[in-house]
$ cat work26.pdb   # PDB, N, CA and C atoms
ATOM      1  N   MET A  21       0.151  16.022  -0.595
ATOM      2  CA  MET A  21      -0.030  14.594  -0.581
ATOM      3  C   MET A  21       1.289  13.960  -0.127
ATOM      4  N   PRO A  22       1.222  12.993   0.808
ATOM      5  CA  PRO A  22       2.456  12.340   1.248
ATOM      6  C   PRO A  22       3.053  11.505   0.119
ATOM      7  N   PRO A  23       4.377  11.312   0.166
ATOM      8  CA  PRO A  23       4.995  10.495  -0.885
ATOM      9  C   PRO A  23       4.541   9.044  -0.781
ATOM     10  N   ARG A  24       4.587   8.351  -1.905
ATOM     11  CA  ARG A  24       4.249   6.916  -1.913
ATOM     12  C   ARG A  24       5.265   6.148  -1.083
ATOM     13  N   VAL A  25       4.782   5.143  -0.376
ATOM     14  CA  VAL A  25       5.701   4.294   0.368
ATOM     15  C   VAL A  25       6.405   3.358  -0.600
ATOM     16  N   ALA A  26       7.638   3.012  -0.255
ATOM     17  CA  ALA A  26       8.430   2.116  -1.098
ATOM     18  C   ALA A  26       9.334   1.288  -0.201
ATOM     19  N   PRO A  27       9.732   0.111  -0.668
ATOM     20  CA  PRO A  27      10.621  -0.721   0.140
ATOM     21  C   PRO A  27      11.989  -0.071   0.324
ATOM     22  N   VAL A  28      12.675  -0.497   1.354
ATOM     23  CA  VAL A  28      14.033  -0.045   1.607
ATOM     24  C   VAL A  28      14.924  -0.581   0.487
ATOM     25  N   GLU A  29      15.759   0.278  -0.078
ATOM     26  CA  GLU A  29      16.682  -0.121  -1.154
ATOM     27  C   GLU A  29      18.113   0.026  -0.677
ATOM     28  N   PRO A  30      18.957  -0.951  -0.832
ATOM     29  CA  PRO A  30      18.610  -2.306  -1.234
ATOM     30  C   PRO A  30      17.886  -3.019  -0.100
ATOM     31  N   ALA A  31      17.040  -3.946  -0.460
ATOM     32  CA  ALA A  31      16.245  -4.670   0.541
ATOM     33  C   ALA A  31      17.170  -5.504   1.421
ATOM     34  N   PRO A  32      17.175  -5.233   2.729
ATOM     35  CA  PRO A  32      18.015  -6.041   3.615
ATOM     36  C   PRO A  32      17.413  -7.426   3.796
ATOM     37  N   PRO A  33      18.239  -8.420   4.049
ATOM     38  CA  PRO A  33      17.676  -9.747   4.316
ATOM     39  C   PRO A  33      16.892  -9.705   5.627
ATOM     40  N   PHE A  34      15.807 -10.437   5.680
ATOM     41  CA  PHE A  34      15.058 -10.525   6.929
ATOM     42  C   PHE A  34      14.411 -11.888   7.026
ATOM     43  N   ASP A  35      14.173 -12.288   8.248
ATOM     44  CA  ASP A  35      13.578 -13.596   8.523
ATOM     45  C   ASP A  35      12.085 -13.415   8.765
ATOM     46  N   VAL A  36      11.273 -13.962   7.885
ATOM     47  CA  VAL A  36       9.823 -13.830   8.012
ATOM     48  C   VAL A  36       9.248 -14.822   9.029
ATOM     49  N   THR A  37      10.072 -15.764   9.489
ATOM     50  CA  THR A  37       9.591 -16.831  10.373
ATOM     51  C   THR A  37       8.775 -16.335  11.567
ATOM     52  N   PRO A  38       9.191 -15.263  12.281
ATOM     53  CA  PRO A  38       8.383 -14.833  13.427
ATOM     54  C   PRO A  38       6.962 -14.393  13.048
ATOM     55  N   HIS A  39       6.772 -13.991  11.808
ATOM     56  CA  HIS A  39       5.460 -13.507  11.359
ATOM     57  C   HIS A  39       4.709 -14.534  10.515
ATOM     58  N   ALA A  40       5.376 -15.608  10.117
ATOM     59  CA  ALA A  40       4.762 -16.608   9.241
ATOM     60  C   ALA A  40       3.590 -17.285   9.932
ATOM     61  N   GLY A  41       2.587 -17.614   9.137
ATOM     62  CA  GLY A  41       1.422 -18.316   9.647
ATOM     63  C   GLY A  41       0.144 -17.723   9.104
ATOM     64  N   ALA A  42      -0.964 -18.134   9.699
ATOM     65  CA  ALA A  42      -2.293 -17.705   9.255
ATOM     66  C   ALA A  42      -2.870 -16.698  10.232
ATOM     67  N   TYR A  43      -3.498 -15.683   9.674
ATOM     68  CA  TYR A  43      -4.201 -14.651  10.429
ATOM     69  C   TYR A  43      -5.623 -14.658   9.888
ATOM     70  N   GLU A  44      -6.612 -14.549  10.773
ATOM     71  CA  GLU A  44      -7.984 -14.665  10.271
ATOM     72  C   GLU A  44      -8.949 -13.798  11.065
ATOM     73  N   ARG A  45      -9.866 -13.172  10.309
ATOM     74  CA  ARG A  45     -11.001 -12.434  10.869
ATOM     75  C   ARG A  45     -12.205 -12.767  10.005
ATOM     76  N   ALA A  46     -13.357 -12.292  10.383
ATOM     77  CA  ALA A  46     -14.571 -12.600   9.631
ATOM     78  C   ALA A  46     -14.399 -12.206   8.164
ATOM     79  N   GLY A  47     -14.519 -13.174   7.277
ATOM     80  CA  GLY A  47     -14.496 -12.923   5.845
ATOM     81  C   GLY A  47     -13.136 -12.934   5.179
ATOM     82  N   VAL A  48     -12.041 -12.981   5.964
ATOM     83  CA  VAL A  48     -10.709 -12.900   5.358
ATOM     84  C   VAL A  48      -9.703 -13.767   6.110
ATOM     85  N   ARG A  49      -8.865 -14.447   5.344
ATOM     86  CA  ARG A  49      -7.720 -15.184   5.891
ATOM     87  C   ARG A  49      -6.467 -14.631   5.212
ATOM     88  N   ILE A  50      -5.437 -14.369   6.007
ATOM     89  CA  ILE A  50      -4.167 -13.857   5.500
ATOM     90  C   ILE A  50      -3.090 -14.872   5.848
ATOM     91  N   ASP A  51      -2.364 -15.332   4.836
ATOM     92  CA  ASP A  51      -1.270 -16.276   5.048
ATOM     93  C   ASP A  51       0.045 -15.588   4.723
ATOM     94  N   VAL A  52       0.969 -15.645   5.667
ATOM     95  CA  VAL A  52       2.311 -15.104   5.480
ATOM     96  C   VAL A  52       3.252 -16.301   5.416
ATOM     97  N   THR A  53       3.986 -16.415   4.312
ATOM     98  CA  THR A  53       4.843 -17.582   4.098
ATOM     99  C   THR A  53       6.214 -17.162   3.583
ATOM    100  N   GLY A  54       7.171 -18.038   3.794
ATOM    101  CA  GLY A  54       8.472 -17.903   3.162
ATOM    102  C   GLY A  54       8.499 -18.861   1.984
ATOM    103  N   THR A  55       8.909 -18.385   0.819
ATOM    104  CA  THR A  55       8.970 -19.230  -0.375
ATOM    105  C   THR A  55      10.366 -19.128  -0.985
ATOM    106  N   ASP A  56      10.631 -19.918  -2.011
ATOM    107  CA  ASP A  56      11.913 -19.830  -2.717
ATOM    108  C   ASP A  56      12.110 -18.451  -3.339
ATOM    109  N   ASP A  57      11.003 -17.768  -3.651
ATOM    110  CA  ASP A  57      11.066 -16.420  -4.232
ATOM    111  C   ASP A  57      11.084 -15.328  -3.172
ATOM    112  N   GLY A  58      11.071 -15.701  -1.905
ATOM    113  CA  GLY A  58      11.058 -14.721  -0.821
ATOM    114  C   GLY A  58       9.732 -14.734  -0.083
ATOM    115  N   PRO A  59       9.605 -13.901   0.945
ATOM    116  CA  PRO A  59       8.374 -13.850   1.733
ATOM    117  C   PRO A  59       7.180 -13.396   0.897
ATOM    118  N   ARG A  60       6.003 -13.978   1.205
ATOM    119  CA  ARG A  60       4.778 -13.652   0.474
ATOM    120  C   ARG A  60       3.633 -13.436   1.445
ATOM    121  N   LEU A  61       2.667 -12.658   0.995
ATOM    122  CA  LEU A  61       1.440 -12.423   1.742
ATOM    123  C   LEU A  61       0.273 -12.727   0.811
ATOM    124  N   ARG A  62      -0.618 -13.593   1.262
ATOM    125  CA  ARG A  62      -1.793 -13.966   0.464
ATOM    126  C   ARG A  62      -3.039 -13.706   1.297
ATOM    127  N   MET A  63      -3.989 -12.980   0.722
ATOM    128  CA  MET A  63      -5.252 -12.680   1.380
ATOM    129  C   MET A  63      -6.364 -13.385   0.613
ATOM    130  N   THR A  64      -7.165 -14.182   1.325
ATOM    131  CA  THR A  64      -8.221 -14.973   0.703
ATOM    132  C   THR A  64      -9.553 -14.662   1.367
ATOM    133  N   ALA A  65     -10.577 -14.438   0.560
ATOM    134  CA  ALA A  65     -11.928 -14.253   1.090
ATOM    135  C   ALA A  65     -12.436 -15.590   1.614
ATOM    136  N   THR A  66     -13.141 -15.556   2.736
ATOM    137  CA  THR A  66     -13.686 -16.775   3.331
ATOM    138  C   THR A  66     -15.174 -16.589   3.620
ATOM    139  N   GLY A  67     -15.838 -17.697   3.874
ATOM    140  CA  GLY A  67     -17.256 -17.648   4.225
ATOM    141  C   GLY A  67     -18.083 -17.002   3.131
ATOM    142  N   ALA A  68     -19.067 -16.213   3.526
ATOM    143  CA  ALA A  68     -19.963 -15.558   2.569
ATOM    144  C   ALA A  68     -19.212 -14.584   1.666
ATOM    145  N   MET A  69     -18.114 -14.008   2.165
ATOM    146  CA  MET A  69     -17.319 -13.086   1.345
ATOM    147  C   MET A  69     -16.739 -13.790   0.118
ATOM    148  N   ALA A  70     -16.388 -15.063   0.255
ATOM    149  CA  ALA A  70     -15.800 -15.805  -0.864
ATOM    150  C   ALA A  70     -16.772 -15.902  -2.033
ATOM    151  N   ASP A  71     -18.064 -15.900  -1.747
ATOM    152  CA  ASP A  71     -19.071 -15.991  -2.806
ATOM    153  C   ASP A  71     -19.150 -14.717  -3.646
ATOM    154  N   LEU A  72     -18.581 -13.624  -3.159
ATOM    155  CA  LEU A  72     -18.638 -12.352  -3.873
ATOM    156  C   LEU A  72     -17.558 -12.215  -4.940
ATOM    157  N   TYR A  73     -16.601 -13.125  -4.944
ATOM    158  CA  TYR A  73     -15.461 -13.033  -5.855
ATOM    159  C   TYR A  73     -15.405 -14.254  -6.772
ATOM    160  N   PRO A  74     -15.058 -14.059  -8.058
ATOM    161  CA  PRO A  74     -14.888 -15.220  -8.935
ATOM    162  C   PRO A  74     -13.698 -16.074  -8.485
ATOM    163  N   ASP A  75     -12.676 -15.423  -7.924
ATOM    164  CA  ASP A  75     -11.514 -16.112  -7.351
ATOM    165  C   ASP A  75     -11.384 -15.595  -5.924
ATOM    166  N   PRO A  76     -11.465 -16.459  -4.917
ATOM    167  CA  PRO A  76     -11.421 -15.968  -3.541
ATOM    168  C   PRO A  76     -10.073 -15.383  -3.120
ATOM    169  N   THR A  77      -9.018 -15.542  -3.947
ATOM    170  CA  THR A  77      -7.736 -14.920  -3.623
ATOM    171  C   THR A  77      -7.821 -13.436  -3.963
ATOM    172  N   ILE A  78      -7.881 -12.609  -2.931
ATOM    173  CA  ILE A  78      -8.022 -11.165  -3.103
ATOM    174  C   ILE A  78      -6.675 -10.522  -3.408
ATOM    175  N   PHE A  79      -5.623 -11.038  -2.777
ATOM    176  CA  PHE A  79      -4.290 -10.450  -2.906
ATOM    177  C   PHE A  79      -3.267 -11.561  -2.760
ATOM    178  N   ASP A  80      -2.253 -11.566  -3.597
ATOM    179  CA  ASP A  80      -1.155 -12.525  -3.481
ATOM    180  C   ASP A  80       0.096 -11.812  -3.953
ATOM    181  N   GLY A  81       0.968 -11.439  -3.014
ATOM    182  CA  GLY A  81       2.117 -10.649  -3.420
ATOM    183  C   GLY A  81       3.336 -10.830  -2.553
ATOM    184  N   GLU A  82       4.430 -10.228  -3.022
ATOM    185  CA  GLU A  82       5.688 -10.282  -2.295
ATOM    186  C   GLU A  82       5.610  -9.401  -1.055
ATOM    187  N   LEU A  83       6.421  -9.717  -0.075
ATOM    188  CA  LEU A  83       6.473  -8.979   1.186
ATOM    189  C   LEU A  83       7.919  -8.552   1.405
ATOM    190  N   LEU A  84       8.152  -7.232   1.499
ATOM    191  CA  LEU A  84       9.506  -6.706   1.643
ATOM    192  C   LEU A  84       9.593  -5.764   2.835
ATOM    193  N   PRO A  85      10.807  -5.586   3.382
ATOM    194  CA  PRO A  85      10.962  -4.616   4.466
ATOM    195  C   PRO A  85      10.689  -3.208   3.951
ATOM    196  N   GLY A  86       9.997  -2.430   4.754
ATOM    197  CA  GLY A  86       9.723  -1.039   4.422
ATOM    198  C   GLY A  86      10.385  -0.129   5.432
ATOM    199  N   PRO A  87      10.027   1.132   5.422
ATOM    200  CA  PRO A  87      10.625   2.074   6.361
ATOM    201  C   PRO A  87      10.099   1.880   7.782
ATOM    202  N   ASP A  88      10.899   2.305   8.743
ATOM    203  CA  ASP A  88      10.477   2.344  10.148
ATOM    204  C   ASP A  88       9.989   1.007  10.680
ATOM    205  N   ASP A  89      10.670  -0.075  10.358
ATOM    206  CA  ASP A  89      10.344  -1.399  10.893
ATOM    207  C   ASP A  89       8.954  -1.886  10.475
ATOM    208  N   HIS A  90       8.488  -1.416   9.338
ATOM    209  CA  HIS A  90       7.234  -1.886   8.757
ATOM    210  C   HIS A  90       7.571  -2.717   7.525
ATOM    211  N   PHE A  91       6.544  -3.296   6.937
ATOM    212  CA  PHE A  91       6.726  -4.099   5.733
ATOM    213  C   PHE A  91       5.806  -3.570   4.646
ATOM    214  N   LEU A  92       6.072  -3.980   3.417
ATOM    215  CA  LEU A  92       5.255  -3.584   2.276
ATOM    216  C   LEU A  92       4.972  -4.812   1.430
ATOM    217  N   ALA A  93       3.754  -4.883   0.904
ATOM    218  CA  ALA A  93       3.359  -5.990   0.038
ATOM    219  C   ALA A  93       2.890  -5.412  -1.292
ATOM    220  N   ARG A  94       3.180  -6.152  -2.368
ATOM    221  CA  ARG A  94       2.746  -5.724  -3.701
ATOM    222  C   ARG A  94       2.507  -6.956  -4.549
ATOM    223  N   GLN A  95       1.401  -6.929  -5.296
ATOM    224  CA  GLN A  95       1.134  -8.011  -6.236
ATOM    225  C   GLN A  95       2.100  -7.900  -7.409
ATOM    226  N   ARG A  96       2.362  -9.029  -8.039
ATOM    227  CA  ARG A  96       3.308  -9.039  -9.169
ATOM    228  C   ARG A  96       2.934  -8.017 -10.239
ATOM    229  N   SER A  97       1.664  -7.866 -10.498
ATOM    230  CA  SER A  97       1.225  -6.960 -11.555
ATOM    231  C   SER A  97       1.014  -5.536 -11.051
ATOM    232  N   GLY A  98       1.203  -5.304  -9.758
ATOM    233  CA  GLY A  98       0.916  -3.995  -9.184
ATOM    234  C   GLY A  98       2.070  -3.016  -9.270
ATOM    235  N   THR A  99       1.731  -1.745  -9.081
ATOM    236  CA  THR A  99       2.750  -0.697  -9.068
ATOM    237  C   THR A  99       2.824   0.009  -7.724
ATOM    238  N   SER A 100       1.816  -0.145  -6.883
ATOM    239  CA  SER A 100       1.843   0.511  -5.577
ATOM    240  C   SER A 100       1.990  -0.528  -4.469
ATOM    241  N   TRP A 101       2.505  -0.081  -3.341
ATOM    242  CA  TRP A 101       2.794  -0.948  -2.205
ATOM    243  C   TRP A 101       1.750  -0.778  -1.121
ATOM    244  N   LEU A 102       1.407  -1.866  -0.462
ATOM    245  CA  LEU A 102       0.445  -1.888   0.635
ATOM    246  C   LEU A 102       1.224  -1.971   1.946
ATOM    247  N   PRO A 103       1.118  -0.968   2.838
ATOM    248  CA  PRO A 103       1.818  -1.041   4.123
ATOM    249  C   PRO A 103       1.282  -2.189   4.979
ATOM    250  N   VAL A 104       2.193  -2.910   5.627
ATOM    251  CA  VAL A 104       1.862  -4.057   6.474
ATOM    252  C   VAL A 104       2.636  -3.911   7.784
ATOM    253  N   THR A 105       1.940  -4.074   8.908
ATOM    254  CA  THR A 105       2.592  -3.993  10.213
ATOM    255  C   THR A 105       2.259  -5.235  11.018
ATOM    256  N   PHE A 106       3.272  -5.851  11.589
ATOM    257  CA  PHE A 106       3.088  -6.977  12.505
ATOM    258  C   PHE A 106       3.329  -6.453  13.916
ATOM    259  N   TYR A 107       2.495  -6.867  14.856
ATOM    260  CA  TYR A 107       2.664  -6.407  16.234
ATOM    261  C   TYR A 107       2.009  -7.382  17.191
ATOM    262  N   ARG A 108       2.252  -7.162  18.476
ATOM    263  CA  ARG A 108       1.626  -7.955  19.537
ATOM    264  C   ARG A 108       0.891  -7.013  20.475
ATOM    265  N   LEU A 109      -0.263  -7.473  20.922
ATOM    266  CA  LEU A 109      -1.000  -6.731  21.937
ATOM    267  C   LEU A 109      -0.224  -6.802  23.253
ATOM    268  N   PRO A 110      -0.545  -5.952  24.230
ATOM    269  CA  PRO A 110       0.121  -6.048  25.533
ATOM    270  C   PRO A 110      -0.025  -7.437  26.161
ATOM    271  N   THR A 111      -1.070  -8.157  25.772
ATOM    272  CA  THR A 111      -1.293  -9.516  26.284
ATOM    273  C   THR A 111      -0.614 -10.575  25.415
ATOM    274  N   LYS A 112       0.235 -10.135  24.459
ATOM    275  CA  LYS A 112       1.117 -10.981  23.636
ATOM    276  C   LYS A 112       0.482 -11.647  22.422
ATOM    277  N   GLU A 113      -0.806 -11.450  22.139
ATOM    278  CA  GLU A 113      -1.403 -12.045  20.935
ATOM    279  C   GLU A 113      -0.868 -11.331  19.690
ATOM    280  N   PRO A 114      -0.391 -12.103  18.683
ATOM    281  CA  PRO A 114       0.143 -11.496  17.461
ATOM    282  C   PRO A 114      -0.971 -11.092  16.490
ATOM    283  N   TYR A 115      -0.739  -9.973  15.810
ATOM    284  CA  TYR A 115      -1.673  -9.433  14.821
ATOM    285  C   TYR A 115      -0.902  -8.962  13.602
ATOM    286  N   VAL A 116      -1.606  -8.876  12.476
ATOM    287  CA  VAL A 116      -1.103  -8.180  11.300
ATOM    288  C   VAL A 116      -2.107  -7.066  11.008
ATOM    289  N   HIS A 117      -1.597  -5.915  10.601
ATOM    290  CA  HIS A 117      -2.459  -4.778  10.287
ATOM    291  C   HIS A 117      -2.157  -4.337   8.861
ATOM    292  N   LEU A 118      -3.180  -4.348   8.011
ATOM    293  CA  LEU A 118      -3.047  -3.871   6.637
ATOM    294  C   LEU A 118      -4.409  -3.493   6.108
ATOM    295  N   GLY A 119      -4.419  -2.584   5.174
ATOM    296  CA  GLY A 119      -5.672  -2.159   4.578
ATOM    297  C   GLY A 119      -6.650  -1.580   5.586
ATOM    298  N   GLY A 120      -6.135  -0.986   6.659
ATOM    299  CA  GLY A 120      -7.003  -0.383   7.664
ATOM    300  C   GLY A 120      -7.656  -1.370   8.612
ATOM    301  N   ARG A 121      -7.234  -2.628   8.597
ATOM    302  CA  ARG A 121      -7.849  -3.659   9.441
ATOM    303  C   ARG A 121      -6.788  -4.439  10.201
ATOM    304  N   ALA A 122      -7.089  -4.749  11.447
ATOM    305  CA  ALA A 122      -6.235  -5.598  12.274
ATOM    306  C   ALA A 122      -6.775  -7.022  12.220
ATOM    307  N   THR A 123      -5.870  -7.990  12.107
ATOM    308  CA  THR A 123      -6.271  -9.389  11.980
ATOM    309  C   THR A 123      -5.408 -10.247  12.898
ATOM    310  N   PRO A 124      -6.038 -11.033  13.800
ATOM    311  CA  PRO A 124      -5.264 -11.854  14.732
ATOM    312  C   PRO A 124      -4.704 -13.110  14.074
ATOM    313  N   LYS A 125      -3.564 -13.560  14.608
ATOM    314  CA  LYS A 125      -2.965 -14.815  14.158
ATOM    315  C   LYS A 125      -3.750 -15.969  14.769
ATOM    316  N   VAL A 126      -3.972 -17.028  13.977
ATOM    317  CA  VAL A 126      -4.724 -18.195  14.474
ATOM    318  C   VAL A 126      -3.806 -19.377  14.682
TER     319      VAL A 126
END

$ encode --input "work26.pdb" --output "structure tokens"
Amino acid sequence: MPPRVAPVEPAPPFDVTPHAGAYERAGVRIDVTGTDDGPRLRMTATGAMADLYPDPTIFDGELLPGPDDHFLARQRSGTSWLPVTFYRLPTKEPYVHLGGRATPKV
């Protein structure tokens, strides 16, 4: 089994501004923001998917630099990290990839 992913220690400062904004696909909206507590990633169910959850906020956690120019997100109450990758298609459209799904920036 591969080792668990973990943030780079100590966490280097990084500017989330290039990745900040809203990303959306059918059923999910992902917001990447800079806050006083540091960068955050929030995933919210939308449309018919929102009706499946008592709270449409599926994930709300800190965003830290990870290994190999990737990022990691973790909820405050969580113990494991979710790998997050920001990238651009050859045609320059920005995307975020996490949880096995690619989501375009809107």

$ residues_around --input "work26.pdb" --residues "Gly54 of chain A" --least-positions-apart "3" --cutoff "6.5 Å" --atoms "all atoms listed in the file" --output "MDAnalysis selection string"
chainID A and resid 36 40 57:60

$ closest_residue --input "work26.pdb" --among "A:Leu84, A:Arg96, A:Val104, A:Lys112" --to "Pro32 of chain A" --atoms "all atoms listed in the file"
A:Leu84

$ resolve_selection --input "work26.pdb" --expression "the PyMOL selection byres ((chain A and resi 27) around 8)" --output "tab-separated table (two decimals) with N, CA and C atoms, in the frame of the given file"
chain	number	residue	atom	x	y	z
A	24	ARG	N	4.59	8.35	-1.90
A	24	ARG	CA	4.25	6.92	-1.91
A	24	ARG	C	5.26	6.15	-1.08
A	25	VAL	N	4.78	5.14	-0.38
A	25	VAL	CA	5.70	4.29	0.37
A	25	VAL	C	6.40	3.36	-0.60
A	26	ALA	N	7.64	3.01	-0.26
A	26	ALA	CA	8.43	2.12	-1.10
A	26	ALA	C	9.33	1.29	-0.20
A	28	VAL	N	12.68	-0.50	1.35
A	28	VAL	CA	14.03	-0.04	1.61
A	28	VAL	C	14.92	-0.58	0.49
A	29	GLU	N	15.76	0.28	-0.08
A	29	GLU	CA	16.68	-0.12	-1.15
A	29	GLU	C	18.11	0.03	-0.68
A	30	PRO	N	18.96	-0.95	-0.83
A	30	PRO	CA	18.61	-2.31	-1.23
A	30	PRO	C	17.89	-3.02	-0.10
A	31	ALA	N	17.04	-3.95	-0.46
A	31	ALA	CA	16.24	-4.67	0.54
A	31	ALA	C	17.17	-5.50	1.42
A	32	PRO	N	17.18	-5.23	2.73
A	32	PRO	CA	18.02	-6.04	3.62
A	32	PRO	C	17.41	-7.43	3.80
A	84	LEU	N	8.15	-7.23	1.50
A	84	LEU	CA	9.51	-6.71	1.64
A	84	LEU	C	9.59	-5.76	2.84
A	85	PRO	N	10.81	-5.59	3.38
A	85	PRO	CA	10.96	-4.62	4.47
A	85	PRO	C	10.69	-3.21	3.95
A	86	GLY	N	10.00	-2.43	4.75
A	86	GLY	CA	9.72	-1.04	4.42
A	86	GLY	C	10.38	-0.13	5.43
A	87	PRO	N	10.03	1.13	5.42
A	87	PRO	CA	10.62	2.07	6.36
A	87	PRO	C	10.10	1.88	7.78
A	91	PHE	N	6.54	-3.30	6.94
A	91	PHE	CA	6.73	-4.10	5.73
A	91	PHE	C	5.81	-3.57	4.65
A	92	LEU	N	6.07	-3.98	3.42
A	92	LEU	CA	5.26	-3.58	2.28
A	92	LEU	C	4.97	-4.81	1.43
A	93	ALA	N	3.75	-4.88	0.90
A	93	ALA	CA	3.36	-5.99	0.04
A	93	ALA	C	2.89	-5.41	-1.29
A	101	TRP	N	2.50	-0.08	-3.34
A	101	TRP	CA	2.79	-0.95	-2.20
A	101	TRP	C	1.75	-0.78	-1.12

$ select_by_dssp --input "work26.pdb" --residues "segment 31-125 of chain A" --states "helix (DSSP H, G or I)" --output "PyMOL selection string"
chain A and resi 37-39+67-72+87-89

$ resolve_selection --input "work26.pdb" --expression "the PyMOL selection byres ((chain A and resi 42-52) around 8)" --output "compact mmCIF listing (two decimals) with N, CA and C atoms, in the frame of the given file"
# COMPACT_ATOMS: atom_id res chain seq x y z
N VAL A 36 11.27 -13.96 7.88
CA VAL A 36 9.82 -13.83 8.01
C VAL A 36 9.25 -14.82 9.03
N THR A 37 10.07 -15.76 9.49
CA THR A 37 9.59 -16.83 10.37
C THR A 37 8.78 -16.34 11.57
N HIS A 39 6.77 -13.99 11.81
CA HIS A 39 5.46 -13.51 11.36
C HIS A 39 4.71 -14.53 10.52
N ALA A 40 5.38 -15.61 10.12
CA ALA A 40 4.76 -16.61 9.24
C ALA A 40 3.59 -17.28 9.93
N GLY A 41 2.59 -17.61 9.14
CA GLY A 41 1.42 -18.32 9.65
C GLY A 41 0.14 -17.72 9.10
N THR A 53 3.99 -16.42 4.31
CA THR A 53 4.84 -17.58 4.10
C THR A 53 6.21 -17.16 3.58
N GLY A 54 7.17 -18.04 3.79
CA GLY A 54 8.47 -17.90 3.16
C GLY A 54 8.50 -18.86 1.98
N THR A 55 8.91 -18.39 0.82
CA THR A 55 8.97 -19.23 -0.38
C THR A 55 10.37 -19.13 -0.98
N PRO A 59 9.60 -13.90 0.94
CA PRO A 59 8.37 -13.85 1.73
C PRO A 59 7.18 -13.40 0.90
N ARG A 60 6.00 -13.98 1.20
CA ARG A 60 4.78 -13.65 0.47
C ARG A 60 3.63 -13.44 1.44
N LEU A 61 2.67 -12.66 1.00
CA LEU A 61 1.44 -12.42 1.74
C LEU A 61 0.27 -12.73 0.81
N ARG A 62 -0.62 -13.59 1.26
CA ARG A 62 -1.79 -13.97 0.46
C ARG A 62 -3.04 -13.71 1.30
N MET A 63 -3.99 -12.98 0.72
CA MET A 63 -5.25 -12.68 1.38
C MET A 63 -6.36 -13.38 0.61
N THR A 64 -7.16 -14.18 1.32
CA THR A 64 -8.22 -14.97 0.70
C THR A 64 -9.55 -14.66 1.37
N ALA A 65 -10.58 -14.44 0.56
CA ALA A 65 -11.93 -14.25 1.09
C ALA A 65 -12.44 -15.59 1.61
N THR A 66 -13.14 -15.56 2.74
CA THR A 66 -13.69 -16.77 3.33
C THR A 66 -15.17 -16.59 3.62
N GLY A 67 -15.84 -17.70 3.87
CA GLY A 67 -17.26 -17.65 4.22
C GLY A 67 -18.08 -17.00 3.13
N ALA A 68 -19.07 -16.21 3.53
CA ALA A 68 -19.96 -15.56 2.57
C ALA A 68 -19.21 -14.58 1.67
N MET A 69 -18.11 -14.01 2.16
CA MET A 69 -17.32 -13.09 1.34
C MET A 69 -16.74 -13.79 0.12
N ALA A 70 -16.39 -15.06 0.26
CA ALA A 70 -15.80 -15.80 -0.86
C ALA A 70 -16.77 -15.90 -2.03
N PRO A 114 -0.39 -12.10 18.68
CA PRO A 114 0.14 -11.50 17.46
C PRO A 114 -0.97 -11.09 16.49
N TYR A 115 -0.74 -9.97 15.81
CA TYR A 115 -1.67 -9.43 14.82
C TYR A 115 -0.90 -8.96 13.60
N VAL A 116 -1.61 -8.88 12.48
CA VAL A 116 -1.10 -8.18 11.30
C VAL A 116 -2.11 -7.07 11.01
N ALA A 122 -7.09 -4.75 11.45
CA ALA A 122 -6.24 -5.60 12.27
C ALA A 122 -6.78 -7.02 12.22
N THR A 123 -5.87 -7.99 12.11
CA THR A 123 -6.27 -9.39 11.98
C THR A 123 -5.41 -10.25 12.90
N PRO A 124 -6.04 -11.03 13.80
CA PRO A 124 -5.26 -11.85 14.73
C PRO A 124 -4.70 -13.11 14.07
N LYS A 125 -3.56 -13.56 14.61
CA LYS A 125 -2.96 -14.82 14.16
C LYS A 125 -3.75 -15.97 14.77
N VAL A 126 -3.97 -17.03 13.98
CA VAL A 126 -4.72 -18.20 14.47
C VAL A 126 -3.81 -19.38 14.68

$ atom_distance --input "work26.pdb" --atom1 "atom CA of Gln95 of chain A" --atom2 "atom CA of Leu72 of chain A"
20.4 Å

$ atom_distance --input "work26.pdb" --atom1 "atom CA of Leu118 of chain A" --atom2 "atom CA of Thr105 of chain A"
6.7 Å

$ decode --input "work26.pdb" --residues "segment 63-89 of chain A" --atoms "C-alpha atoms" --output "CSV table (one decimal), in the first residue's frame"
chain,number,residue,atom,x,y,z
A,63,MET,CA,-17.3,21.7,-2.2
A,64,THR,CA,-21.0,22.2,-2.3
A,65,ALA,CA,-23.7,20.0,-3.8
A,66,THR,CA,-25.9,21.8,-6.4
A,67,GLY,CA,-29.1,21.1,-8.3
A,68,ALA,CA,-30.7,17.8,-7.6
A,69,MET,CA,-27.6,16.6,-5.8
A,70,ALA,CA,-28.2,19.2,-3.1
A,71,ASP,CA,-31.5,17.5,-2.2
A,72,LEU,CA,-29.6,14.4,-1.3
A,73,TYR,CA,-27.7,16.0,1.6
A,74,PRO,CA,-29.1,17.6,4.8
A,75,ASP,CA,-26.3,20.2,4.4
A,76,PRO,CA,-25.2,20.9,0.8
A,77,THR,CA,-21.7,21.6,1.9
A,78,ILE,CA,-19.9,18.3,1.2
A,79,PHE,CA,-16.4,19.4,2.1
A,80,ASP,CA,-14.9,22.5,3.7
A,81,GLY,CA,-11.3,22.4,4.6
A,82,GLU,CA,-7.8,23.9,4.6
A,83,LEU,CA,-5.7,23.8,1.4
A,84,LEU,CA,-1.9,23.3,1.8
A,85,PRO,CA,1.0,22.7,-0.5
A,86,GLY,CA,1.7,19.0,-1.0
A,87,PRO,CA,4.5,17.1,-2.8
A,88,ASP,CA,5.4,17.5,-6.4
A,89,ASP,CA,3.6,20.8,-7.0
